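File shown: entry_16.cif. Contents: mmCIF, C-alpha atoms.
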data_upload
#
loop_
_atom_site.group_PDB
_atom_site.id
_atom_site.type_symbol
_atom_site.label_atom_id
_atom_site.label_comp_id
_atom_site.auth_asym_id
_atom_site.auth_seq_id
_atom_site.Cartn_x
_atom_site.Cartn_y
_atom_site.Cartn_z
ATOM 1 C CA MET A 1 8.477 -33.685 24.898
ATOM 2 C CA ALA A 2 8.029 -30.527 22.833
ATOM 3 C CA LEU A 3 10.950 -29.020 20.966
ATOM 4 C CA ASN A 4 12.328 -25.713 22.122
ATOM 5 C CA LEU A 5 11.569 -23.609 19.054
ATOM 6 C CA LYS A 6 14.114 -20.987 20.134
ATOM 7 C CA ASP A 7 16.849 -23.501 19.340
ATOM 8 C CA TYR A 8 15.843 -23.220 15.672
ATOM 9 C CA VAL A 9 16.048 -19.451 15.226
ATOM 10 C CA ALA A 10 19.292 -17.733 14.220
ATOM 11 C CA SER A 11 20.437 -14.481 15.838
ATOM 12 C CA TYR A 12 22.184 -11.559 14.191
ATOM 13 C CA PRO A 13 23.394 -8.913 16.663
ATOM 14 C CA ASP A 14 23.204 -5.186 15.951
ATOM 15 C CA PHE A 15 20.675 -5.332 13.160
ATOM 16 C CA PRO A 16 18.896 -3.101 12.235
ATOM 17 C CA GLU A 17 20.554 -0.912 14.889
ATOM 18 C CA PRO A 18 23.068 -1.389 17.713
ATOM 19 C CA GLY A 19 21.572 -3.235 20.657
ATOM 20 C CA VAL A 20 18.833 -4.909 18.589
ATOM 21 C CA PHE A 21 19.002 -8.561 17.637
ATOM 22 C CA PHE A 22 17.427 -9.694 14.397
ATOM 23 C CA ARG A 23 16.002 -13.201 14.477
ATOM 24 C CA ASP A 24 16.025 -15.312 11.321
ATOM 25 C CA ILE A 25 13.637 -18.256 11.033
ATOM 26 C CA SER A 26 15.673 -20.056 8.324
ATOM 27 C CA PRO A 27 16.898 -22.771 10.745
ATOM 28 C CA LEU A 28 13.288 -23.329 11.862
ATOM 29 C CA LEU A 29 12.183 -23.857 8.262
ATOM 30 C CA GLU A 30 15.018 -26.344 7.721
ATOM 31 C CA ASN A 31 13.897 -28.529 10.636
ATOM 32 C CA GLY A 32 10.685 -30.293 9.672
ATOM 33 C CA GLU A 33 9.662 -31.193 13.224
ATOM 34 C CA ALA A 34 10.265 -27.691 14.607
ATOM 35 C CA TYR A 35 8.386 -26.059 11.718
ATOM 36 C CA LYS A 36 5.537 -28.565 12.079
ATOM 37 C CA GLN A 37 5.305 -27.795 15.808
ATOM 38 C CA ALA A 38 5.168 -24.048 15.160
ATOM 39 C CA THR A 39 2.561 -24.455 12.422
ATOM 40 C CA ASN A 40 0.437 -26.729 14.610
ATOM 41 C CA GLU A 41 0.416 -24.144 17.404
ATOM 42 C CA ILE A 42 -0.904 -21.528 14.968
ATOM 43 C CA VAL A 43 -3.465 -24.001 13.558
ATOM 44 C CA ASP A 44 -4.783 -24.616 17.089
ATOM 45 C CA TYR A 45 -4.948 -20.860 17.703
ATOM 46 C CA ALA A 46 -6.786 -20.272 14.398
ATOM 47 C CA LYS A 47 -9.365 -22.928 15.320
ATOM 48 C CA LYS A 48 -9.848 -21.382 18.765
ATOM 49 C CA ILE A 49 -10.549 -17.899 17.371
ATOM 50 C CA GLY A 50 -12.694 -19.164 14.476
ATOM 51 C CA ALA A 51 -10.548 -17.883 11.599
ATOM 52 C CA GLU A 52 -12.233 -18.213 8.200
ATOM 53 C CA VAL A 53 -9.349 -16.929 6.062
ATOM 54 C CA ILE A 54 -5.630 -16.265 6.584
ATOM 55 C CA VAL A 55 -3.873 -13.135 5.304
ATOM 56 C CA GLY A 56 -0.102 -12.734 5.349
ATOM 57 C CA PRO A 57 2.017 -9.822 4.185
ATOM 58 C CA GLU A 58 4.618 -10.563 1.528
ATOM 59 C CA ALA A 59 6.498 -13.869 1.261
ATOM 60 C CA ARG A 60 7.122 -14.207 5.001
ATOM 61 C CA GLY A 61 3.415 -14.157 5.721
ATOM 62 C CA PHE A 62 2.976 -16.832 3.057
ATOM 63 C CA ILE A 63 5.599 -19.087 4.694
ATOM 64 C CA VAL A 64 3.610 -19.045 7.932
ATOM 65 C CA GLY A 65 0.020 -18.606 6.770
ATOM 66 C CA CYS A 66 -0.259 -20.873 3.758
ATOM 67 C CA PRO A 67 0.406 -24.167 5.605
ATOM 68 C CA VAL A 68 -2.004 -23.077 8.352
ATOM 69 C CA ALA A 69 -4.729 -22.283 5.799
ATOM 70 C CA TYR A 70 -4.106 -25.596 4.032
ATOM 71 C CA GLU A 71 -4.337 -27.553 7.282
ATOM 72 C CA LEU A 72 -7.632 -25.826 8.159
ATOM 73 C CA GLY A 73 -9.066 -26.097 4.644
ATOM 74 C CA ILE A 74 -9.616 -22.341 4.378
ATOM 75 C CA GLY A 75 -8.338 -19.643 2.030
ATOM 76 C CA PHE A 76 -5.070 -17.730 2.140
ATOM 77 C CA ALA A 77 -4.675 -14.231 0.676
ATOM 78 C CA PRO A 78 -1.324 -12.442 0.327
ATOM 79 C CA ALA A 79 -0.858 -8.724 0.910
ATOM 80 C CA ARG A 80 1.880 -7.876 -1.591
ATOM 81 C CA LYS A 81 3.909 -5.036 -3.056
ATOM 82 C CA LYS A 82 2.750 -3.167 -6.167
ATOM 83 C CA GLY A 83 2.671 -5.140 -9.374
ATOM 84 C CA LYS A 84 2.817 -8.560 -7.724
ATOM 85 C CA LEU A 85 -0.933 -9.199 -7.749
ATOM 86 C CA PRO A 86 -3.088 -9.354 -10.889
ATOM 87 C CA GLY A 87 -6.571 -7.924 -11.023
ATOM 88 C CA LYS A 88 -8.252 -5.239 -8.971
ATOM 89 C CA THR A 89 -6.585 -4.482 -5.648
ATOM 90 C CA ALA A 90 -6.961 -2.244 -2.593
ATOM 91 C CA LYS A 91 -3.892 -0.283 -1.434
ATOM 92 C CA GLU A 92 -2.549 0.824 1.951
ATOM 93 C CA THR A 93 0.628 2.865 2.484
ATOM 94 C CA TYR A 94 2.857 2.744 5.547
ATOM 95 C CA GLY A 95 6.014 4.428 6.730
ATOM 96 C CA LEU A 96 9.477 2.935 6.785
ATOM 97 C CA GLU A 97 12.708 4.215 8.302
ATOM 98 C CA TYR A 98 13.692 5.331 4.793
ATOM 99 C CA GLY A 99 10.370 6.517 3.333
ATOM 100 C CA GLN A 100 6.989 5.121 2.312
ATOM 101 C CA SER A 101 5.895 1.771 0.955
ATOM 102 C CA ALA A 102 2.543 0.191 0.111
ATOM 103 C CA LEU A 103 0.801 -3.157 0.263
ATOM 104 C CA TYR A 104 -1.957 -4.382 -2.030
ATOM 105 C CA LEU A 105 -4.675 -6.990 -1.422
ATOM 106 C CA HIS A 106 -7.206 -8.375 -3.924
ATOM 107 C CA GLU A 107 -10.485 -6.526 -3.454
ATOM 108 C CA ASP A 108 -12.396 -9.805 -3.502
ATOM 109 C CA ALA A 109 -10.035 -11.676 -1.127
ATOM 110 C CA ILE A 110 -12.111 -10.824 1.948
ATOM 111 C CA LYS A 111 -15.872 -11.129 2.257
ATOM 112 C CA GLN A 112 -17.902 -8.715 4.378
ATOM 113 C CA GLY A 113 -17.726 -9.783 8.046
ATOM 114 C CA GLN A 114 -15.272 -12.621 7.375
ATOM 115 C CA LYS A 115 -13.066 -13.566 10.348
ATOM 116 C CA VAL A 116 -9.405 -13.111 9.434
ATOM 117 C CA LEU A 117 -6.188 -14.302 11.061
ATOM 118 C CA VAL A 118 -3.107 -12.262 10.092
ATOM 119 C CA THR A 119 0.126 -14.273 10.113
ATOM 120 C CA ASP A 120 3.781 -13.377 9.677
ATOM 121 C CA ASP A 121 7.139 -14.777 10.652
ATOM 122 C CA LEU A 122 8.231 -11.690 12.567
ATOM 123 C CA LEU A 123 6.600 -8.962 14.647
ATOM 124 C CA ALA A 124 9.149 -6.144 14.667
ATOM 125 C CA THR A 125 8.041 -2.503 14.258
ATOM 126 C CA GLY A 126 4.530 -3.491 13.126
ATOM 127 C CA GLY A 127 4.214 -1.168 10.103
ATOM 128 C CA THR A 128 3.574 -3.867 7.521
ATOM 129 C CA LEU A 129 1.122 -5.603 9.836
ATOM 130 C CA ALA A 130 -0.807 -2.427 10.616
ATOM 131 C CA ALA A 131 -1.129 -1.793 6.850
ATOM 132 C CA THR A 132 -2.326 -5.376 6.309
ATOM 133 C CA ILE A 133 -4.957 -5.018 9.045
ATOM 134 C CA LYS A 134 -6.153 -1.716 7.562
ATOM 135 C CA LEU A 135 -6.565 -3.366 4.152
ATOM 136 C CA ILE A 136 -8.590 -6.216 5.659
ATOM 137 C CA GLU A 137 -10.857 -3.867 7.581
ATOM 138 C CA ASP A 138 -11.309 -1.541 4.591
ATOM 139 C CA LEU A 139 -12.522 -4.572 2.627
ATOM 140 C CA GLY A 140 -15.044 -5.433 5.375
ATOM 141 C CA GLY A 141 -13.132 -8.221 7.131
ATOM 142 C CA VAL A 142 -12.857 -8.645 10.900
ATOM 143 C CA VAL A 143 -9.363 -9.334 12.259
ATOM 144 C CA VAL A 144 -9.891 -11.909 15.009
ATOM 145 C CA GLY A 145 -6.197 -12.475 15.725
ATOM 146 C CA THR A 146 -2.569 -12.181 14.700
ATOM 147 C CA ALA A 147 0.095 -14.901 14.887
ATOM 148 C CA PHE A 148 3.889 -14.692 14.670
ATOM 149 C CA LEU A 149 6.774 -17.090 14.955
ATOM 150 C CA VAL A 150 9.085 -14.458 16.480
ATOM 151 C CA GLU A 151 8.429 -11.157 18.270
ATOM 152 C CA LEU A 152 11.199 -8.589 18.798
ATOM 153 C CA THR A 153 9.854 -6.872 21.911
ATOM 154 C CA LYS A 154 12.391 -4.003 21.890
ATOM 155 C CA LEU A 155 10.996 -2.772 18.558
ATOM 156 C CA HIS A 156 7.491 -2.285 20.059
ATOM 157 C CA GLY A 157 5.444 -3.773 17.198
ATOM 158 C CA ARG A 158 2.660 -4.573 19.677
ATOM 159 C CA ASP A 159 1.991 -0.848 19.984
ATOM 160 C CA LYS A 160 0.640 -0.826 16.413
ATOM 161 C CA LEU A 161 -1.528 -3.890 17.109
ATOM 162 C CA LYS A 162 -3.321 -2.656 20.235
ATOM 163 C CA GLY A 163 -6.813 -4.063 20.454
ATOM 164 C CA TYR A 164 -5.959 -7.201 18.475
ATOM 165 C CA ASP A 165 -5.338 -10.642 19.926
ATOM 166 C CA ILE A 166 -1.663 -11.623 19.483
ATOM 167 C CA LEU A 167 -0.087 -15.071 19.482
ATOM 168 C CA SER A 168 3.695 -14.905 19.595
ATOM 169 C CA LEU A 169 5.503 -18.250 19.690
ATOM 170 C CA MET A 170 8.924 -16.817 20.593
ATOM 171 C CA LYS A 171 9.733 -13.469 22.214
ATOM 172 C CA TYR A 172 13.129 -11.814 22.292
#
Write out the structure in this file as structure tokens.
Amino acid sequence: MALNLKDYVASYPDFPEPGVFFRDISPLLENGEAYKQATNEIVDYAKKIGAEVIVGPEARGFIVGCPVAYELGIGFAPARKKGKLPGKTAKETYGLEYGQSALYLHEDAIKQGQKVLVTDDLLATGGTLAATIKLIEDLGGVVVGTAFLVELTKLHGRDKLKGYDILSLMKY
């Protein structure tokens, strides 16, 4: 019998605004079987869509994408904040509630026409993910899918990912 992954996600009411629940995956990461189940579901999805490389924004994308890439024997590339990646990088800015931010990706992380799966722990407003996808496409990659452990449907992140295949393991 499969575990109910929702039992391994913590809830914080009224964050970031009243009426919105923030979901924290820390309990999922602490339970080896639950985390393994979640990772295996994303591995199966990545195989189905033919992913050749995994890209994840910031540390959260690494937590999800790196074990998937390792299991598949393919590369993982992080999209990070300024100054956290050495070498030559491409940049994409995106809006936040409190201003602008930017993500950077190694210019040589993606080969022309390479099939990319974007992973993250959380699909919320979608800004970081839209910036990550733009970076991949600017570098010549083809986003064949996106995968998330948790999706906060009330924050409408899917609106920024229209036209892309989405795997969401848990929806709230």
### Task
Run the PyMOL selection byres ((chain A and resi 114) around 6) against the file shown and list the residues it catches, as a list of chain:residue names.
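Those residues are A:Lys111, A:Gln112, A:Gly113, A:Lys115, A:Gly141, A:Val142.
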### Message
Show me the residues around (-13.6, -16.4, 11.6) - criterion: an atom at most 9 Å away, all atoms listed in the file counted - as number ranges by chain.
### Response
A: 46-47, 49-53, 113-117, 142-144
Writing out the chosen residues with C-alpha atoms as a PDB file, keeping the file's coordinate frame:
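Result went into selection37.pdb, see below:
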ATOM      1  CA  ALA A  46      -6.786 -20.272  14.398  1.00  0.00           C
ATOM      2  CA  LYS A  47      -9.365 -22.928  15.320  1.00  0.00           C
ATOM      3  CA  ILE A  49     -10.549 -17.899  17.371  1.00  0.00           C
ATOM      4  CA  GLY A  50     -12.694 -19.164  14.476  1.00  0.00           C
ATOM      5  CA  ALA A  51     -10.548 -17.883  11.599  1.00  0.00           C
ATOM      6  CA  GLU A  52     -12.233 -18.213   8.200  1.00  0.00           C
ATOM      7  CA  VAL A  53      -9.349 -16.929   6.062  1.00  0.00           C
ATOM      8  CA  GLY A 113     -17.726  -9.783   8.046  1.00  0.00           C
ATOM      9  CA  GLN A 114     -15.272 -12.621   7.375  1.00  0.00           C
ATOM     10  CA  LYS A 115     -13.066 -13.566  10.348  1.00  0.00           C
ATOM     11  CA  VAL A 116      -9.405 -13.111   9.434  1.00  0.00           C
ATOM     12  CA  LEU A 117      -6.188 -14.302  11.061  1.00  0.00           C
ATOM     13  CA  VAL A 142     -12.857  -8.645  10.900  1.00  0.00           C
ATOM     14  CA  VAL A 143      -9.363  -9.334  12.259  1.00  0.00           C
ATOM     15  CA  VAL A 144      -9.891 -11.909  15.009  1.00  0.00           C
TER      16      VAL A 144
END
### Reference answer for the PyMOL selection byres ((chain A and resi 10) around 6), as a VMD selection string
chain A and resid 9 11 23 to 24
### Query
Restricting the calculation to all atoms listed in the file, which member of A:Tyr94, A:Tyr45, A:Tyr8, A:Tyr172 is positioned closest to A:Ala147?
A:Tyr45
#### Entry: From A:Asn40, A:Leu169, A:Ile110, A:Glu30, residue lying nearest A:Val150 [only C-alpha atoms]
A:Leu169
### Task
Please identify all polymer residues within 12 Å of A:Asn4, counting only C-alpha atoms, omitting same-chain residues fewer than 2 positions from it, and present them as an NGL selection string.
:A and (1-2 or 6-9 or 28 or 31 or 33-35 or 37-38 or 169-170)
Using the file's own x, y and z axes, what box holds all listed atoms of stretch 129-142 of chain A with 3 Å on each side, keeping edges along x, y and z, and what are its centre and edge lengths in Å to one decimal, as JSON?
{"center_x": -7.0, "center_y": -5.1, "center_z": 6.8, "size_x": 22.2, "size_y": 13.1, "size_z": 14.3}
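If all atoms listed in the file are the atoms counted, then among A:Leu152, A:Ile42, A:Ile166, A:Ala69 the closest residue to A:Leu122 is A:Leu152.
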### Ref. answer, residues at most 9 Å from (-4.9, -8.4, 1.1) with all atoms listed in the file, as a PyMOL selection string
chain A and resi 55-57+77-80+89-91+103-110+132-133+135-136+139
### Query
Any chance you could work out the residue set of the PyMOL selection byres ((chain A and resi 62) around 12) here, as an NGL selection string?
:A and (54-61 or 63-70 or 75-80 or 118-121 or 148)
File dump, residues just selected, C-alpha atoms, as a PDB file, in the coordinates of the input:
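Okay, out.pdb is ready:
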ATOM      1  CA  ILE A  54      -5.630 -16.265   6.584  1.00  0.00           C
ATOM      2  CA  VAL A  55      -3.873 -13.135   5.304  1.00  0.00           C
ATOM      3  CA  GLY A  56      -0.102 -12.734   5.349  1.00  0.00           C
ATOM      4  CA  PRO A  57       2.017  -9.822   4.185  1.00  0.00           C
ATOM      5  CA  GLU A  58       4.618 -10.563   1.528  1.00  0.00           C
ATOM      6  CA  ALA A  59       6.498 -13.869   1.261  1.00  0.00           C
ATOM      7  CA  ARG A  60       7.122 -14.207   5.001  1.00  0.00           C
ATOM      8  CA  GLY A  61       3.415 -14.157   5.721  1.00  0.00           C
ATOM      9  CA  ILE A  63       5.599 -19.087   4.694  1.00  0.00           C
ATOM     10  CA  VAL A  64       3.610 -19.045   7.932  1.00  0.00           C
ATOM     11  CA  GLY A  65       0.020 -18.606   6.770  1.00  0.00           C
ATOM     12  CA  CYS A  66      -0.259 -20.873   3.758  1.00  0.00           C
ATOM     13  CA  PRO A  67       0.406 -24.167   5.605  1.00  0.00           C
ATOM     14  CA  VAL A  68      -2.004 -23.077   8.352  1.00  0.00           C
ATOM     15  CA  ALA A  69      -4.729 -22.283   5.799  1.00  0.00           C
ATOM     16  CA  TYR A  70      -4.106 -25.596   4.032  1.00  0.00           C
ATOM     17  CA  GLY A  75      -8.338 -19.643   2.030  1.00  0.00           C
ATOM     18  CA  PHE A  76      -5.070 -17.730   2.140  1.00  0.00           C
ATOM     19  CA  ALA A  77      -4.675 -14.231   0.676  1.00  0.00           C
ATOM     20  CA  PRO A  78      -1.324 -12.442   0.327  1.00  0.00           C
ATOM     21  CA  ALA A  79      -0.858  -8.724   0.910  1.00  0.00           C
ATOM     22  CA  ARG A  80       1.880  -7.876  -1.591  1.00  0.00           C
ATOM     23  CA  VAL A 118      -3.107 -12.262  10.092  1.00  0.00           C
ATOM     24  CA  THR A 119       0.126 -14.273  10.113  1.00  0.00           C
ATOM     25  CA  ASP A 120       3.781 -13.377   9.677  1.00  0.00           C
ATOM     26  CA  ASP A 121       7.139 -14.777  10.652  1.00  0.00           C
ATOM     27  CA  PHE A 148       3.889 -14.692  14.670  1.00  0.00           C
TER      28      PHE A 148
END
### One-decimal distance in Å that lies between atom CA of A:Gly126 and atom CA of A:Lys162
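Separating atom CA of A:Lys162 from atom CA of A:Gly126 is a distance of 10.6 Å.
If only C-alpha atoms are the atoms counted, then among A:Thr153, A:Pro13, A:Thr146, A:Leu5 the closest residue to A:Leu29 is A:Leu5.
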#### Entry: Two-atom distance - atom CA of A:Glu41, atom CA of A:Glu151 (Å)
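Between these atoms lies a distance of 15.3 Å.
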### Task
Please measure the separation of atom CA of A:Leu161 and atom CA of A:Glu137, giving the value in Å to one decimal.
13.3 Å
### Query
Between A:Lys171, A:Leu72, A:Glu92, A:Lys81, which one has atoms that come closest to A:Asp44, using all atoms listed in the file?
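Looking only at the distances to A:Asp44, the closest residue turns out to be A:Leu72.
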Written coordinates, C-alpha atoms of stretch 24-61 of chain A as an mmCIF file, in the first residue's frame:
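Resulting contents of out_35.cif:
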data_model
loop_
_atom_site.group_PDB
_atom_site.id
_atom_site.type_symbol
_atom_site.label_atom_id
_atom_site.label_comp_id
_atom_site.auth_asym_id
_atom_site.auth_seq_id
_atom_site.Cartn_x
_atom_site.Cartn_y
_atom_site.Cartn_z
ATOM 1 C CA ASP A 24 6.409 22.780 4.338
ATOM 2 C CA ILE A 25 8.007 19.586 3.040
ATOM 3 C CA SER A 26 10.390 19.184 6.020
ATOM 4 C CA PRO A 27 8.414 16.236 7.479
ATOM 5 C CA LEU A 28 8.488 14.556 4.050
ATOM 6 C CA LEU A 29 12.274 14.873 3.900
ATOM 7 C CA GLU A 30 12.571 13.380 7.392
ATOM 8 C CA ASN A 31 10.656 10.236 6.406
ATOM 9 C CA GLY A 32 12.841 8.143 4.124
ATOM 10 C CA GLU A 33 10.010 6.026 2.720
ATOM 11 C CA ALA A 34 7.752 9.005 1.967
ATOM 12 C CA TYR A 35 10.591 10.936 0.311
ATOM 13 C CA LYS A 36 11.609 7.849 -1.679
ATOM 14 C CA GLN A 37 8.013 7.410 -2.875
ATOM 15 C CA ALA A 38 7.799 11.044 -3.982
ATOM 16 C CA THR A 39 11.164 10.873 -5.744
ATOM 17 C CA ASN A 40 10.223 7.629 -7.494
ATOM 18 C CA GLU A 41 7.028 9.197 -8.843
ATOM 19 C CA ILE A 42 9.066 12.037 -10.360
ATOM 20 C CA VAL A 43 11.652 9.569 -11.734
ATOM 21 C CA ASP A 44 8.856 7.654 -13.493
ATOM 22 C CA TYR A 45 7.469 10.917 -14.884
ATOM 23 C CA ALA A 46 10.925 12.014 -16.108
ATOM 24 C CA LYS A 47 11.379 8.683 -17.915
ATOM 25 C CA LYS A 48 7.940 8.990 -19.518
ATOM 26 C CA ILE A 49 8.637 12.469 -20.923
ATOM 27 C CA GLY A 50 12.218 11.655 -21.968
ATOM 28 C CA ALA A 51 14.024 14.185 -19.764
ATOM 29 C CA GLU A 52 17.737 14.494 -20.554
ATOM 30 C CA VAL A 53 18.649 16.979 -17.811
ATOM 31 C CA ILE A 54 16.990 18.299 -14.642
ATOM 32 C CA VAL A 55 16.987 21.984 -13.671
ATOM 33 C CA GLY A 56 15.820 23.212 -10.278
ATOM 34 C CA PRO A 57 15.660 26.745 -8.928
ATOM 35 C CA GLU A 58 17.598 27.441 -5.745
ATOM 36 C CA ALA A 59 18.088 24.887 -2.956
ATOM 37 C CA ARG A 60 14.501 23.615 -3.027
ATOM 38 C CA GLY A 61 14.833 22.595 -6.648
#
